[in-house]
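Structure file run_33.csv (CSV, C-alpha atoms) is printed below.
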```csv
chain,number,residue,atom,x,y,z
A,94,MET,CA,-5.9,86.3,26.0
A,95,ARG,CA,-2.3,87.2,25.0
A,96,LYS,CA,0.9,85.6,23.8
A,97,ILE,CA,3.7,85.7,26.2
A,98,GLY,CA,7.2,84.1,25.6
A,99,GLY,CA,6.0,81.7,23.0
A,100,ALA,CA,3.1,80.5,25.3
A,101,LEU,CA,-0.6,81.0,24.7
A,102,VAL,CA,-2.1,82.2,27.9
A,103,LEU,CA,-5.7,81.4,28.5
A,104,GLY,CA,-6.3,83.6,31.5
A,105,ALA,CA,-9.1,82.9,33.9
A,106,LEU,CA,-8.7,86.1,35.8
A,107,LEU,CA,-10.3,86.3,39.2
A,108,SER,CA,-10.9,89.8,40.7
A,109,ALA,CA,-9.7,91.6,37.6
A,110,GLN,CA,-10.7,95.1,38.7
A,111,ALA,CA,-8.5,98.1,39.2
A,112,GLY,CA,-7.4,98.6,42.7
A,113,ALA,CA,-7.6,94.9,43.8
A,114,GLN,CA,-5.0,94.0,46.3
A,115,PRO,CA,-2.3,91.6,45.0
A,116,GLY,CA,-2.3,88.1,46.4
A,117,PRO,CA,0.4,86.5,48.5
A,118,GLY,CA,3.9,86.8,47.0
A,119,PRO,CA,6.4,89.6,46.2
A,120,ALA,CA,5.4,92.8,44.5
A,121,ASN,CA,5.9,92.8,40.7
A,122,ASP,CA,6.1,96.2,39.0
A,123,ASP,CA,6.5,94.7,35.6
A,124,ASN,CA,3.1,93.2,35.6
A,125,ARG,CA,4.7,90.0,34.3
A,126,LEU,CA,3.1,86.6,34.5
A,127,LEU,CA,4.2,84.8,37.7
A,128,LEU,CA,4.8,81.1,37.9
A,129,PRO,CA,5.1,79.1,41.1
A,130,ALA,CA,8.7,78.6,41.9
A,131,GLU,CA,8.5,76.3,44.9
A,132,GLY,CA,4.8,75.5,45.1
A,133,VAL,CA,2.6,76.2,48.1
A,134,ASN,CA,4.2,76.1,51.5
A,135,LEU,CA,2.6,74.6,54.5
A,136,ASP,CA,1.8,78.1,55.9
A,137,GLY,CA,0.0,78.9,52.7
A,138,ASN,CA,2.5,81.3,51.2
A,139,LEU,CA,3.3,81.1,47.5
A,140,GLY,CA,6.9,81.3,46.3
A,141,LEU,CA,6.6,83.1,42.9
A,142,ALA,CA,9.1,83.8,40.1
A,143,PRO,CA,8.6,85.8,36.9
A,144,CYS,CA,7.8,83.7,33.8
A,145,SER,CA,10.2,84.5,30.9
A,146,ASP,CA,11.1,83.1,27.5
A,147,GLU,CA,14.3,81.7,29.1
A,148,ALA,CA,12.3,80.0,31.8
A,149,LEU,CA,10.0,78.3,29.3
A,150,GLY,CA,12.8,77.4,27.0
A,151,GLN,CA,14.9,75.8,29.8
A,152,ALA,CA,12.1,73.6,31.0
A,153,PRO,CA,13.4,70.1,31.2
A,154,GLU,CA,12.4,67.6,28.6
A,155,ALA,CA,10.4,64.5,29.8
A,156,GLU,CA,12.8,61.6,30.5
A,157,SER,CA,10.1,59.1,29.8
A,158,PRO,CA,7.0,59.0,27.6
A,159,PRO,CA,4.0,60.8,29.1
A,160,GLY,CA,1.0,58.9,30.2
A,161,ILE,CA,-2.2,58.4,28.2
A,162,GLY,CA,-4.0,61.1,30.1
A,163,THR,CA,-1.3,63.6,29.5
A,164,ILE,CA,-1.1,62.8,25.8
A,165,ALA,CA,-4.9,63.1,25.5
A,166,LEU,CA,-4.9,66.5,27.2
A,167,LYS,CA,-2.1,67.8,25.0
A,168,ASP,CA,-3.8,66.5,21.9
A,169,THR,CA,-7.0,68.2,22.8
A,170,LEU,CA,-5.4,71.6,23.7
A,171,ALA,CA,-3.1,71.5,20.6
A,172,THR,CA,-5.9,70.6,18.2
A,173,LEU,CA,-8.7,72.8,19.4
A,174,GLY,CA,-6.3,75.6,20.4
A,175,ALA,CA,-4.4,75.5,17.1
A,176,PRO,CA,-6.1,78.6,15.6
A,177,LEU,CA,-4.9,80.7,18.6
A,178,HIS,CA,-1.3,80.5,17.4
A,179,TRP,CA,-1.8,80.5,13.6
A,180,ASN,CA,0.1,83.1,11.6
A,181,GLY,CA,-1.0,84.8,8.4
A,182,LYS,CA,0.2,81.9,6.2
A,183,ASN,CA,-2.0,79.5,8.2
A,184,TRP,CA,-5.0,81.6,7.8
A,185,LEU,CA,-4.3,82.0,4.1
A,186,VAL,CA,-4.2,78.2,3.7
A,187,LEU,CA,-7.5,77.9,5.6
A,188,GLY,CA,-9.0,80.5,3.3
A,189,GLY,CA,-7.7,78.5,0.2
A,190,ILE,CA,-9.2,75.3,1.6
A,191,ALA,CA,-12.6,77.0,2.3
A,192,ALA,CA,-12.6,78.4,-1.3
A,193,GLY,CA,-11.8,75.0,-2.7
A,194,VAL,CA,-14.7,73.4,-0.8
A,195,ALA,CA,-17.0,76.2,-2.0
A,196,ALA,CA,-15.8,75.6,-5.6
A,197,VAL,CA,-16.5,71.8,-5.2
A,198,GLY,CA,-20.0,72.7,-4.0
A,199,PHE,CA,-20.7,75.1,-6.9
A,200,ALA,CA,-19.5,72.6,-9.5
A,201,PHE,CA,-20.7,69.2,-8.1
A,202,ASP,CA,-23.4,69.5,-5.4
A,203,ILE,CA,-26.4,69.6,-7.6
A,204,PRO,CA,-25.0,67.4,-10.5
A,205,MET,CA,-23.8,64.7,-8.1
A,206,ARG,CA,-27.1,64.7,-6.2
A,207,ASP,CA,-29.0,64.3,-9.5
A,208,LYS,CA,-26.8,61.7,-11.0
A,209,THR,CA,-26.7,59.5,-7.9
A,210,GLN,CA,-30.5,59.6,-7.5
A,211,GLU,CA,-31.2,58.9,-11.1
A,212,HIS,CA,-28.7,56.0,-11.5
A,213,GLN,CA,-29.2,53.8,-8.5
A,214,THR,CA,-28.6,50.1,-8.9
A,215,SER,CA,-28.9,47.0,-6.7
A,216,THR,CA,-25.1,46.6,-6.8
A,217,LEU,CA,-24.6,50.1,-5.5
A,218,ASP,CA,-27.4,49.7,-3.0
A,219,GLU,CA,-25.5,46.7,-1.5
A,220,LEU,CA,-22.1,48.3,-1.7
A,221,THR,CA,-23.1,51.5,0.0
A,222,LYS,CA,-25.0,49.6,2.6
A,223,VAL,CA,-21.9,47.7,3.5
A,224,VAL,CA,-19.4,50.6,3.6
A,225,GLU,CA,-21.5,53.4,5.1
A,226,PRO,CA,-21.2,52.1,8.7
A,227,PHE,CA,-17.4,52.5,8.5
A,228,GLY,CA,-18.2,56.2,9.1
A,229,ALA,CA,-20.0,55.3,12.3
A,230,GLY,CA,-20.2,52.0,14.3
A,231,TYR,CA,-17.9,50.0,12.2
A,232,SER,CA,-15.1,52.5,12.6
A,233,TRP,CA,-15.2,52.1,16.3
A,234,ALA,CA,-15.1,48.3,15.8
A,235,VAL,CA,-11.9,48.8,13.8
A,236,ILE,CA,-10.5,51.0,16.5
A,237,GLY,CA,-11.4,48.4,19.2
A,238,ALA,CA,-9.8,45.7,17.1
A,239,TYR,CA,-6.5,47.5,17.2
A,240,GLY,CA,-6.9,48.0,20.9
A,241,ILE,CA,-7.5,44.3,21.5
A,242,ALA,CA,-4.6,43.3,19.3
A,243,GLY,CA,-2.3,45.8,21.0
A,244,PHE,CA,-3.0,44.8,24.5
A,245,ALA,CA,-3.5,41.0,23.9
A,246,PHE,CA,-0.4,40.6,21.8
A,247,HIS,CA,1.6,43.4,23.4
A,248,ASP,CA,1.9,45.2,20.1
A,249,PRO,CA,3.0,48.8,20.7
A,250,ASP,CA,2.1,49.9,17.1
A,251,ALA,CA,-1.4,48.6,17.4
A,252,LYS,CA,-1.8,50.3,20.8
A,253,ASP,CA,-0.6,53.6,19.3
A,254,ILE,CA,-3.1,53.2,16.4
A,255,PHE,CA,-5.9,52.4,18.9
A,256,PHE,CA,-5.2,55.5,21.0
A,257,ASP,CA,-4.4,57.9,18.2
A,258,SER,CA,-7.5,57.0,16.1
A,259,ALA,CA,-9.8,57.1,19.2
A,260,ILE,CA,-8.6,60.6,20.2
A,261,ALA,CA,-8.7,61.9,16.6
A,262,SER,CA,-12.2,60.6,16.2
A,263,LEU,CA,-13.4,62.2,19.4
A,264,LEU,CA,-11.8,65.5,18.4
A,265,ALA,CA,-12.8,65.6,14.7
A,266,SER,CA,-16.2,63.9,14.6
A,267,GLY,CA,-17.1,64.4,18.3
A,268,ILE,CA,-16.3,68.1,18.7
A,269,ILE,CA,-15.2,70.0,15.5
A,270,THR,CA,-17.8,68.7,13.0
A,271,PRO,CA,-20.8,68.9,15.3
A,272,THR,CA,-19.8,72.5,16.2
A,273,LEU,CA,-19.6,73.4,12.5
A,274,LYS,CA,-22.9,71.7,11.8
A,275,PHE,CA,-24.6,73.8,14.5
A,276,VAL,CA,-22.9,77.1,13.5
A,277,ILE,CA,-23.4,76.7,9.7
A,278,GLY,CA,-26.8,75.1,9.8
A,279,ARG,CA,-26.9,73.8,6.2
A,280,GLU,CA,-30.0,71.8,5.1
A,281,ARG,CA,-29.4,68.2,3.8
A,282,PRO,CA,-30.2,67.4,0.2
A,283,ASN,CA,-33.2,65.3,1.3
A,284,GLN,CA,-34.6,68.3,3.0
A,285,SER,CA,-34.1,71.0,0.3
A,286,VAL,CA,-33.8,71.2,-3.5
A,287,SER,CA,-31.3,74.0,-3.0
A,288,SER,CA,-27.7,73.5,-1.9
A,289,THR,CA,-27.6,77.0,-0.5
A,290,ALA,CA,-30.2,76.7,2.2
A,291,PHE,CA,-28.6,77.7,5.5
A,292,HIS,CA,-30.1,78.2,9.0
A,293,PRO,CA,-27.2,79.0,11.3
A,294,PHE,CA,-27.4,77.9,15.0
A,295,SER,CA,-30.5,75.9,14.2
A,296,GLY,CA,-29.5,72.5,15.6
A,297,SER,CA,-26.9,69.7,15.3
A,298,ASP,CA,-28.5,67.4,12.7
A,299,ASN,CA,-27.4,69.5,9.8
A,300,SER,CA,-25.5,68.7,6.6
A,301,PHE,CA,-22.2,70.5,6.6
A,302,PRO,CA,-19.8,68.9,7.1
A,303,SER,CA,-20.4,65.2,6.9
A,304,GLY,CA,-19.9,63.5,10.2
A,305,HIS,CA,-19.5,60.0,8.6
A,306,ALA,CA,-16.8,61.3,6.2
A,307,THR,CA,-15.0,63.0,9.1
A,308,GLN,CA,-15.0,59.9,11.2
A,309,ALA,CA,-14.0,57.6,8.3
A,310,PHE,CA,-11.1,59.8,7.2
A,311,ALA,CA,-9.9,60.5,10.7
A,312,VAL,CA,-9.4,56.7,11.3
A,313,ALA,CA,-8.0,56.1,7.8
A,314,SER,CA,-5.4,58.9,8.1
A,315,VAL,CA,-4.2,57.5,11.5
A,316,ILE,CA,-3.9,54.0,10.1
A,317,SER,CA,-2.1,55.3,7.0
A,318,ALA,CA,0.3,57.6,9.0
A,319,HIS,CA,1.3,54.6,11.2
A,320,SER,CA,2.0,52.3,8.3
A,321,ASP,CA,4.7,52.3,5.6
A,322,GLN,CA,2.8,49.8,3.5
A,323,VAL,CA,1.2,51.4,0.4
A,324,TRP,CA,-1.6,48.9,0.3
A,325,VAL,CA,-2.7,49.8,3.8
A,326,SER,CA,-3.0,53.4,3.0
A,327,VAL,CA,-4.8,52.7,-0.3
A,328,THR,CA,-7.3,50.4,1.4
A,329,ALA,CA,-7.9,52.7,4.3
A,330,TYR,CA,-8.6,55.8,2.1
A,331,THR,CA,-10.6,53.8,-0.4
A,332,ILE,CA,-13.0,52.6,2.3
A,333,ALA,CA,-13.2,56.2,3.7
A,334,GLY,CA,-13.9,57.5,0.2
A,335,LEU,CA,-16.7,54.9,-0.3
A,336,VAL,CA,-18.2,56.1,2.9
A,337,GLY,CA,-18.4,59.6,1.6
A,338,PHE,CA,-19.9,58.3,-1.7
A,339,ALA,CA,-22.5,56.3,0.2
A,340,ARG,CA,-23.6,59.5,2.0
A,341,ILE,CA,-24.1,61.2,-1.3
A,342,TYR,CA,-25.8,58.1,-2.8
A,343,HIS,CA,-28.2,58.0,0.1
A,344,ASN,CA,-29.0,61.7,-0.4
A,345,ALA,CA,-27.9,62.5,3.1
A,346,HIS,CA,-25.1,64.9,2.1
A,347,TRP,CA,-23.9,67.2,-0.6
A,348,THR,CA,-20.6,66.6,-2.2
A,349,SER,CA,-19.1,69.6,-0.5
A,350,ASP,CA,-20.2,68.3,2.9
A,351,VAL,CA,-18.3,65.1,2.3
A,352,THR,CA,-15.2,67.0,1.0
A,353,ALA,CA,-15.1,69.2,4.1
A,354,GLY,CA,-15.5,66.2,6.4
A,355,ALA,CA,-12.7,64.3,4.6
A,356,ILE,CA,-10.4,67.3,5.0
A,357,ILE,CA,-11.2,67.8,8.7
A,358,GLY,CA,-10.8,64.1,9.5
A,359,THR,CA,-7.5,63.8,7.6
A,360,PHE,CA,-5.9,67.0,9.1
A,361,VAL,CA,-6.9,66.1,12.6
A,362,GLY,CA,-5.9,62.4,12.3
A,363,ARG,CA,-2.4,63.2,10.8
A,364,GLY,CA,-1.9,66.1,13.2
A,365,VAL,CA,-2.6,63.9,16.2
A,366,VAL,CA,-0.2,61.2,15.0
A,367,ALA,CA,2.6,63.7,14.3
A,368,LEU,CA,2.2,65.3,17.8
A,369,ASN,CA,1.9,62.0,19.6
A,370,LYS,CA,5.1,60.6,17.9
A,371,LYS,CA,7.0,63.6,19.3
A,372,LEU,CA,5.4,63.2,22.7
A,373,ARG,CA,6.2,59.5,23.0
A,374,SER,CA,9.8,60.2,21.9
A,375,GLY,CA,10.2,63.1,24.4
A,376,GLN,CA,10.9,65.6,21.6
A,377,SER,CA,7.8,67.7,21.8
A,378,LYS,CA,8.0,71.2,23.1
A,379,VAL,CA,4.3,71.4,23.9
A,380,ARG,CA,3.9,72.0,27.6
A,381,VAL,CA,0.9,72.8,29.7
A,382,VAL,CA,1.4,74.8,32.8
A,383,PHE,CA,-1.3,75.8,35.4
A,384,ALA,CA,-0.2,78.8,37.4
A,385,PRO,CA,-1.4,81.7,39.5
A,386,PHE,CA,-1.6,85.1,37.7
A,387,VAL,CA,-0.5,87.9,39.9
A,388,THR,CA,0.2,91.6,39.1
A,389,ASP,CA,0.0,94.7,41.2
A,390,ARG,CA,-3.7,95.1,40.3
A,391,VAL,CA,-4.9,91.6,39.2
A,392,ARG,CA,-5.2,88.3,40.9
A,393,GLY,CA,-6.3,85.0,39.2
A,394,ALA,CA,-5.2,81.9,37.6
A,395,SER,CA,-4.0,81.0,34.1
A,396,VAL,CA,-3.3,78.1,31.8
A,397,LEU,CA,-0.2,78.3,29.6
A,398,ILE,CA,0.3,76.2,26.5
A,399,ALA,CA,3.9,76.5,25.3
A,400,PHE,CA,4.5,75.5,21.7
```
Written form, structure tokens:
Amino acid sequence: MRKIGGALVLGALLSAQAGAQPGPGPANDDNRLLLPAEGVNLDGNLGLAPCSDEALGQAPEAESPPGIGTIALKDTLATLGAPLHWNGKNWLVLGGIAAGVAAVGFAFDIPMRDKTQEHQTSTLDELTKVVEPFGAGYSWAVIGAYGIAGFAFHDPDAKDIFFDSAIASLLASGIITPTLKFVIGRERPNQSVSSTAFHPFSGSDNSFPSGHATQAFAVASVISAHSDQVWVSVTAYTIAGLVGFARIYHNAHWTSDVTAGAIIGTFVGRGVVALNKKLRSGQSKVRVVFAPFVTDRVRGASVLIAF
């Protein structure tokens, strides 16, 4: 995996041993990446041209907004592939966030668990019962409502919220959070008296981070990012925050679990909205190119993501 001309190359190299004969196409002494110049001819020969910074930079901008499938693919590659092109500052920010979540855990995990379990009331029982599903089934009902409104009333803003919140939810709470749960393997507060009980790679039904909080904040951040009304943002994030509180109140998560889930959901949600606004306006420089990979010793295929 290497960075070439501002593009992240995820190489799926086939026959990558020394001495392999090069595939069809002109010899290339530079061992540079080759992109199809004219596609595959009827006789099976490939017209190939070197890939350079200039070639990527001069790629034509889309004249019309890309389709839903293209946007979804670029959202997925840009979100899940983001760490591949982070610089030192990005990793420093991530380290600061991780330290902040750890500090929250150290200061609040045990005290919040004890307080919420010792001071439960019928009012809080009812409130948390109502809001908790907004981190699961109810959130998809909200997403679906935007979709119905968008298509039934031909409302482009509602359509955008529907699509952005759906893709952000799938990425954040469907891929990122479950992966972290499996890798970190933290026990839930209703399973252990200790907040530092970890069993990495032990399963997917673990505590860190909170899936409900991730989902709730992913949807809330998308709705907020698409609206210029303060009350909309306040309402969306308040409901998401109550979802997180409900998970602590029901002794299903530590405070740091909820904090991490809220951060993941918010970052993914706002990132998806920012990228998709550029894609829909034709301003984005994110390009995905599938191409053969041919050098004097290696033959294969590659996927280029140009940022």
Interatomic distance (Å, one decimal) between atom CA of Gly237 of chain A and atom CA of Asp218 of chain A: 27.4 Å
How would you write as an mmCIF file with C-alpha atoms, in the frame of the given file the residues that get within 10 Å of (-3.0, 62.7, 8.8) in the file's frame, counting all atoms listed in the file?
```
data_model
loop_
_atom_site.group_PDB
_atom_site.id
_atom_site.type_symbol
_atom_site.label_atom_id
_atom_site.label_comp_id
_atom_site.auth_asym_id
_atom_site.auth_seq_id
_atom_site.Cartn_x
_atom_site.Cartn_y
_atom_site.Cartn_z
ATOM 1 C CA ALA A 261 -8.700 61.900 16.600
ATOM 2 C CA PHE A 310 -11.100 59.800 7.200
ATOM 3 C CA ALA A 311 -9.900 60.500 10.700
ATOM 4 C CA VAL A 312 -9.400 56.700 11.300
ATOM 5 C CA ALA A 313 -8.000 56.100 7.800
ATOM 6 C CA SER A 314 -5.400 58.900 8.100
ATOM 7 C CA VAL A 315 -4.200 57.500 11.500
ATOM 8 C CA ILE A 316 -3.900 54.000 10.100
ATOM 9 C CA SER A 317 -2.100 55.300 7.000
ATOM 10 C CA ALA A 318 0.300 57.600 9.000
ATOM 11 C CA HIS A 319 1.300 54.600 11.200
ATOM 12 C CA ILE A 356 -10.400 67.300 5.000
ATOM 13 C CA ILE A 357 -11.200 67.800 8.700
ATOM 14 C CA GLY A 358 -10.800 64.100 9.500
ATOM 15 C CA THR A 359 -7.500 63.800 7.600
ATOM 16 C CA PHE A 360 -5.900 67.000 9.100
ATOM 17 C CA VAL A 361 -6.900 66.100 12.600
ATOM 18 C CA GLY A 362 -5.900 62.400 12.300
ATOM 19 C CA ARG A 363 -2.400 63.200 10.800
ATOM 20 C CA GLY A 364 -1.900 66.100 13.200
ATOM 21 C CA VAL A 365 -2.600 63.900 16.200
ATOM 22 C CA VAL A 366 -0.200 61.200 15.000
ATOM 23 C CA ALA A 367 2.600 63.700 14.300
#
```
Nearest to Thr209 of chain A by atom-to-atom distance, counting all atoms listed in the file, from A:Thr172, A:Ser258, A:Ser232, A:Thr221: A:Thr221
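Proximity of A:Ala345, A:Ala195, A:Leu187, A:Ile164 to Gln284 of chain A, computed with all atoms listed in the file, is greatest for A:Ala345.
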Pairwise distance for atom CA of Ser262 of chain A and atom CA of Lys182 of chain A, rounded to one decimal in Å: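 According to the coordinates, atom CA of Ser262 of chain A and atom CA of Lys182 of chain A are separated by 26.6 Å.
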Residues within 7 Å of segment 296-307 of chain A, all atoms listed in the file, excluding chain neighbours under 6 positions, as a ChimeraX atom specification: /A:228-229,265-266,270-271,274-275,278-281,333,336-337,346,350-351,353-355,357-358
Could those selected residues go to a file with C-alpha atoms, as a PDB file, in the frame of the given file?
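result19.pdb, written as the output of this step:
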```
ATOM      1  CA  GLY A 228     -18.200  56.200   9.100  1.00  0.00           C
ATOM      2  CA  ALA A 229     -20.000  55.300  12.300  1.00  0.00           C
ATOM      3  CA  ALA A 265     -12.800  65.600  14.700  1.00  0.00           C
ATOM      4  CA  SER A 266     -16.200  63.900  14.600  1.00  0.00           C
ATOM      5  CA  THR A 270     -17.800  68.700  13.000  1.00  0.00           C
ATOM      6  CA  PRO A 271     -20.800  68.900  15.300  1.00  0.00           C
ATOM      7  CA  LYS A 274     -22.900  71.700  11.800  1.00  0.00           C
ATOM      8  CA  PHE A 275     -24.600  73.800  14.500  1.00  0.00           C
ATOM      9  CA  GLY A 278     -26.800  75.100   9.800  1.00  0.00           C
ATOM     10  CA  ARG A 279     -26.900  73.800   6.200  1.00  0.00           C
ATOM     11  CA  GLU A 280     -30.000  71.800   5.100  1.00  0.00           C
ATOM     12  CA  ARG A 281     -29.400  68.200   3.800  1.00  0.00           C
ATOM     13  CA  ALA A 333     -13.200  56.200   3.700  1.00  0.00           C
ATOM     14  CA  VAL A 336     -18.200  56.100   2.900  1.00  0.00           C
ATOM     15  CA  GLY A 337     -18.400  59.600   1.600  1.00  0.00           C
ATOM     16  CA  HIS A 346     -25.100  64.900   2.100  1.00  0.00           C
ATOM     17  CA  ASP A 350     -20.200  68.300   2.900  1.00  0.00           C
ATOM     18  CA  VAL A 351     -18.300  65.100   2.300  1.00  0.00           C
ATOM     19  CA  ALA A 353     -15.100  69.200   4.100  1.00  0.00           C
ATOM     20  CA  GLY A 354     -15.500  66.200   6.400  1.00  0.00           C
ATOM     21  CA  ALA A 355     -12.700  64.300   4.600  1.00  0.00           C
ATOM     22  CA  ILE A 357     -11.200  67.800   8.700  1.00  0.00           C
ATOM     23  CA  GLY A 358     -10.800  64.100   9.500  1.00  0.00           C
TER      24      GLY A 358
END
```
Pairwise distance for atom CA of Lys222 of chain A and atom CA of Gly334 of chain A, rounded to one decimal in Å: 13.8 Å
Minimum-distance residue to Lys252 of chain A, chosen among A:Tyr239, A:Phe227, A:Phe291, A:Tyr342 (using only C-alpha atoms):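 The closest residue to Lys252 of chain A is A:Tyr239.
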Counting all atoms listed in the file, the residue of A:Ser215, A:Ala238, A:Asp253, A:Asn180 that sits nearest Leu372 of chain A: A:Asp253
Surrounding residues of Gln210 of chain A excluding itself and chain neighbours under 5 positions, 9 Å, all atoms listed in the file, as an MDAnalysis selection string: chainID A and resid 205 342:344
Write out all heavy atoms for segment 311-319 of chain A, as a compact mmCIF listing (two decimals), in the frame of the given file.
```
# COMPACT_ATOMS: atom_id res chain seq x y z
N ALA A 311 -10.71 60.33 9.55
CA ALA A 311 -9.90 60.50 10.70
C ALA A 311 -9.20 59.11 11.05
O ALA A 311 -7.99 59.04 11.30
CB ALA A 311 -10.71 60.91 11.95
N VAL A 312 -9.98 58.03 11.01
CA VAL A 312 -9.40 56.70 11.30
C VAL A 312 -8.48 56.28 10.16
O VAL A 312 -7.38 55.76 10.41
CB VAL A 312 -10.56 55.67 11.44
CG1 VAL A 312 -9.99 54.26 11.61
CG2 VAL A 312 -11.44 56.02 12.64
N ALA A 313 -8.87 56.51 8.91
CA ALA A 313 -8.00 56.10 7.80
C ALA A 313 -6.68 56.84 7.80
O ALA A 313 -5.63 56.24 7.53
CB ALA A 313 -8.75 56.42 6.46
N SER A 314 -6.69 58.13 8.14
CA SER A 314 -5.40 58.90 8.10
C SER A 314 -4.51 58.44 9.25
O SER A 314 -3.29 58.43 9.08
CB SER A 314 -5.74 60.40 8.28
OG SER A 314 -6.39 60.68 9.51
N VAL A 315 -5.06 58.05 10.40
CA VAL A 315 -4.20 57.50 11.50
C VAL A 315 -3.59 56.22 11.09
O VAL A 315 -2.39 56.01 11.28
CB VAL A 315 -5.05 57.39 12.78
CG1 VAL A 315 -4.24 56.62 13.84
CG2 VAL A 315 -5.46 58.75 13.33
N ILE A 316 -4.39 55.31 10.55
CA ILE A 316 -3.90 54.00 10.10
C ILE A 316 -2.79 54.19 9.07
O ILE A 316 -1.72 53.57 9.11
CB ILE A 316 -5.01 53.12 9.59
CG1 ILE A 316 -5.97 52.76 10.73
CG2 ILE A 316 -4.45 51.85 8.95
CD1 ILE A 316 -7.21 52.01 10.28
N SER A 317 -3.05 55.07 8.10
CA SER A 317 -2.10 55.30 7.00
C SER A 317 -0.79 55.92 7.57
O SER A 317 0.31 55.52 7.17
CB SER A 317 -2.70 56.26 5.99
OG SER A 317 -1.76 56.64 5.03
N ALA A 318 -0.91 56.88 8.50
CA ALA A 318 0.30 57.60 9.00
C ALA A 318 1.16 56.61 9.84
O ALA A 318 2.36 56.83 9.96
CB ALA A 318 -0.16 58.74 9.89
N HIS A 319 0.57 55.58 10.39
CA HIS A 319 1.30 54.60 11.20
C HIS A 319 1.91 53.48 10.37
O HIS A 319 2.61 52.63 10.91
CB HIS A 319 0.45 54.03 12.30
CG HIS A 319 0.38 54.87 13.53
ND1 HIS A 319 1.40 54.95 14.45
CD2 HIS A 319 -0.60 55.70 13.99
CE1 HIS A 319 1.06 55.76 15.44
NE2 HIS A 319 -0.15 56.24 15.18
```
